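What follows is the content of start_24.txt (compact mmCIF, C-alpha atoms).
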```
# COMPACT_ATOMS: atom_id res chain seq x y z
CA MET A 15 -175.76 23.21 -19.34
CA TRP A 16 -176.49 25.25 -22.46
CA LYS A 17 -174.41 24.39 -25.53
CA PRO A 18 -174.71 26.13 -28.90
CA ASN A 19 -174.85 24.12 -32.12
CA ALA A 20 -171.69 24.60 -34.18
CA THR A 21 -172.59 24.73 -37.88
CA VAL A 22 -171.02 25.57 -41.23
CA ALA A 23 -172.32 26.99 -44.50
CA ALA A 24 -170.91 27.40 -48.00
CA VAL A 25 -171.54 30.55 -50.03
CA ILE A 26 -170.80 29.66 -53.63
CA GLU A 27 -171.35 32.17 -56.41
CA GLU A 28 -170.91 31.67 -60.13
CA ALA A 29 -171.93 34.24 -62.74
CA GLY A 30 -174.18 36.11 -60.29
CA ARG A 31 -176.01 33.01 -59.06
CA PHE A 32 -175.67 31.34 -55.68
CA LEU A 33 -175.76 27.61 -55.01
CA LEU A 34 -178.57 26.87 -52.54
CA VAL A 35 -180.54 23.86 -51.47
CA GLU A 36 -184.28 23.37 -51.27
CA GLU A 37 -184.96 21.22 -48.23
CA ARG A 38 -187.99 19.89 -46.38
CA ILE A 39 -188.24 21.13 -42.81
CA GLN A 40 -191.32 19.86 -40.97
CA GLY A 41 -193.05 19.38 -44.31
CA GLU A 42 -192.28 22.87 -45.64
CA LEU A 43 -189.93 23.67 -48.52
CA LYS A 44 -187.10 25.93 -47.29
CA LEU A 45 -184.05 27.55 -48.89
CA ASN A 46 -180.60 27.51 -47.36
CA GLN A 47 -176.96 27.44 -48.25
CA PRO A 48 -175.39 24.01 -48.20
CA ALA A 49 -174.99 23.84 -44.43
CA GLY A 50 -174.97 21.59 -41.42
CA HIS A 51 -173.43 20.58 -38.14
CA ILE A 52 -169.77 19.97 -37.49
CA GLU A 53 -169.35 16.26 -36.74
CA TYR A 54 -167.08 14.65 -34.19
CA GLY A 55 -163.50 14.35 -35.41
CA GLU A 56 -163.69 16.81 -38.30
CA SER A 57 -162.40 20.34 -38.60
CA ILE A 58 -164.65 23.30 -39.27
CA VAL A 59 -163.37 23.51 -42.85
CA GLU A 60 -163.80 19.77 -43.41
CA ALA A 61 -167.40 20.07 -42.24
CA ALA A 62 -168.12 22.73 -44.88
CA ILE A 63 -166.62 20.52 -47.60
CA ARG A 64 -168.58 17.45 -46.47
CA GLU A 65 -171.91 19.24 -46.03
CA THR A 66 -171.67 20.81 -49.48
CA LEU A 67 -170.99 17.43 -51.09
CA GLU A 68 -173.77 15.67 -49.16
CA GLU A 69 -176.37 18.32 -49.93
CA THR A 70 -175.46 19.34 -53.50
CA ALA A 71 -173.11 16.67 -54.98
CA TYR A 72 -170.57 19.46 -55.64
CA HIS A 73 -166.99 19.36 -54.38
CA PHE A 74 -166.37 22.60 -52.48
CA VAL A 75 -162.95 24.20 -51.99
CA PRO A 76 -163.18 26.82 -49.21
CA ARG A 77 -160.98 29.87 -49.84
CA PHE A 78 -162.13 32.38 -47.20
CA LEU A 79 -164.20 32.69 -44.05
CA ILE A 80 -166.98 35.21 -44.67
CA GLY A 81 -168.10 35.50 -41.06
CA MET A 82 -169.30 33.86 -37.89
CA TYR A 83 -172.95 34.24 -36.96
CA GLN A 84 -174.98 33.58 -33.81
CA TRP A 85 -178.73 33.04 -34.10
CA SER A 86 -181.55 31.62 -31.98
CA PRO A 87 -184.85 30.83 -33.71
CA PRO A 88 -187.79 32.96 -32.51
CA GLY A 89 -189.35 31.50 -29.38
CA ARG A 90 -186.43 29.08 -28.90
CA PRO A 91 -183.82 30.93 -26.78
CA GLU A 92 -182.40 27.61 -25.57
CA LEU A 93 -181.48 26.70 -29.17
CA THR A 94 -178.58 28.69 -30.56
CA TYR A 95 -176.61 28.20 -33.75
CA LEU A 96 -173.04 29.39 -34.26
CA ARG A 97 -172.46 29.40 -38.03
CA PHE A 98 -169.10 29.57 -39.76
CA ALA A 99 -169.76 30.69 -43.35
CA PHE A 100 -167.18 30.10 -46.07
CA ALA A 101 -166.74 31.32 -49.63
CA GLY A 102 -164.92 29.26 -52.18
CA ASP A 103 -164.89 27.46 -55.48
CA LEU A 104 -166.30 24.28 -56.91
CA ALA A 105 -164.03 21.47 -58.10
CA GLY A 106 -166.47 19.20 -59.91
CA VAL A 107 -169.76 17.49 -59.33
CA GLU A 108 -170.74 13.86 -58.71
CA ARG A 109 -173.62 13.44 -61.15
CA GLY A 110 -176.20 10.97 -59.86
CA ARG A 111 -175.06 11.22 -56.26
CA VAL A 112 -177.91 10.69 -53.79
CA LEU A 113 -178.37 13.83 -51.68
CA ASP A 114 -179.19 13.98 -47.96
CA VAL A 115 -182.70 12.74 -47.21
CA ASP A 116 -184.29 16.15 -46.51
CA ILE A 117 -182.75 17.82 -49.58
CA GLU A 118 -185.12 18.14 -52.54
CA GLN A 119 -182.55 19.62 -54.92
CA ALA A 120 -179.67 22.03 -55.37
CA VAL A 121 -180.62 25.26 -57.16
CA TRP A 122 -178.77 28.28 -58.56
CA LEU A 123 -180.47 31.61 -57.81
CA THR A 124 -179.60 35.28 -58.12
CA ARG A 125 -179.79 37.49 -55.04
CA ASP A 126 -183.01 39.03 -56.39
CA GLU A 127 -184.56 35.57 -56.82
CA ILE A 128 -183.48 34.67 -53.28
CA VAL A 129 -185.06 37.85 -51.89
CA ALA A 130 -188.27 37.13 -53.85
CA ARG A 131 -188.50 33.79 -52.03
CA SER A 132 -187.84 35.25 -48.56
CA GLU A 133 -190.81 33.41 -47.03
CA GLN A 134 -188.91 30.19 -47.74
CA HIS A 135 -185.63 31.18 -46.06
CA ARG A 136 -184.70 28.68 -43.39
CA SER A 137 -183.21 31.51 -41.33
CA PRO A 138 -182.07 35.13 -41.63
CA LEU A 139 -178.52 33.78 -41.92
CA LEU A 140 -179.15 32.86 -45.57
CA LEU A 141 -179.31 36.43 -46.83
CA ALA A 142 -176.89 37.80 -44.21
CA CYS A 143 -174.13 35.49 -45.46
CA ILE A 144 -174.79 36.39 -49.10
CA ASP A 145 -174.81 40.11 -48.33
CA ASP A 146 -171.57 39.84 -46.37
CA TYR A 147 -170.04 37.95 -49.30
CA LEU A 148 -171.23 40.62 -51.75
CA ALA A 149 -169.86 43.32 -49.43
CA GLY A 150 -166.42 41.76 -49.87
CA ARG A 151 -165.96 40.27 -46.42
CA ARG A 152 -163.09 37.81 -46.66
CA TYR A 153 -161.01 36.45 -43.80
CA PRO A 154 -158.13 34.03 -44.37
CA LEU A 155 -158.74 30.42 -43.39
CA GLU A 156 -155.68 30.69 -41.15
CA ILE A 157 -157.88 32.63 -38.71
CA LEU A 158 -159.24 29.20 -37.72
CA ARG A 159 -156.74 27.34 -35.56
CA ASP A 160 -157.35 23.62 -35.13
CA PHE A 161 -155.39 22.13 -32.23
CA ASP A 162 -156.74 18.64 -32.94
CA ARG A 163 -154.74 18.29 -36.16
```

Would you write out, as structure tokens, the structure that this file holds?
Amino acid sequence: MWKPNATVAAVIEEAGRFLLVEERIQGELKLNQPAGHIEYGESIVEAAIRETLEETAYHFVPRFLIGMYQWSPPGRPELTYLRFAFAGDLAGVERGRVLDVDIEQAVWLTRDEIVARSEQHRSPLLLACIDDYLAGRRYPLEILRDFDR
């Protein structure tokens, strides 16, 4: 039975720069939002908070849902990601925190700098989420109903 991978991402912008991560994927340096899979027992929003902390050392406070995205990597139709992308604020950083093993570093880049590094994008979702954020897409978190809580 086919099952999509439920994932989250955080779109965080400060002064025209976006918080991204540089990560090693099969030996190549890639750019992505702080993102990852929803783990057993956590809500979608909790997953976005946790993934952002684990990958950047920043405490993320989701304020809005930007959108939900479905994507299958080229040549891998059996692998599908369903991404819930959030916008929000930062509430501090844990200096010296060890980041997830594949994360090289957190970086702040403008949209133009992100576009200039398009060959390093982990997926087309990176720029799609930023562009939807810049277009003003904002949905209240109440749109997500968690019956496990």

> Counting all atoms listed in the file, what is within 7 Å of Asn46 of chain A, bar same-chain residues fewer than 6 positions away, as a ChimeraX atom specification?
Replying inline: /A:34-36,135-136,140

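Proximity ranking of A:Trp85, A:Tyr153, A:Phe161, A:Phe98 relative to Pro138 of chain A places A:Trp85 first, based on only C-alpha atoms.
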
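Within 7 Å of the point (-176.0, 32.6, -57.7), counting only C-alpha atoms, the protein and nucleic acid residues come to Glu27, Glu28, Ala29, Gly30, Arg31, Phe32, Leu33, Trp122, Leu123, Thr124 and Arg125 of chain A.
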
>> Would you pick out the contacts of Pro18 of chain A at 8 Å or less, using only C-alpha atoms, so that residues sharing its chain but fewer than 2 positions from it are not included, and give the list as a ChimeraX atom specification?
In response: /A:16,20,93-96

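One finds atom CA of Lys17 of chain A at 16.1 Å from atom CA of Gly50 of chain A.
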
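For the residues A:Thr70, A:Gln47, A:Asn19, A:Gln40, ranking by smallest atom-to-atom distance to Asp114 of chain A using only C-alpha atoms places A:Thr70 first.
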
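Closest to His73 of chain A among A:Arg97, A:Arg90, A:Arg109, A:His51 is A:Arg109, based on all atoms listed in the file.
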
How big is the axis-aligned box, and where does its centre sit, when it encloses all atoms of segment 86-105 of chain A listed in the file and has 8 Å added on every side, reported in Å to one decimal as lines of an AutoDock Vina configuration file?
```
center_x = -176.7
center_y = 27.2
center_z = -41.8
size_x = 41.3
size_y = 27.5
size_z = 48.5
```

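Straight-line separation from atom CA of Val59 of chain A to atom CA of Cys143 of chain A: 16.3 Å.
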
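Nearest residue to Pro88 of chain A among A:Leu45, A:Ser137, A:Phe74, A:Ala101 is A:Ser137, counting all atoms listed in the file.
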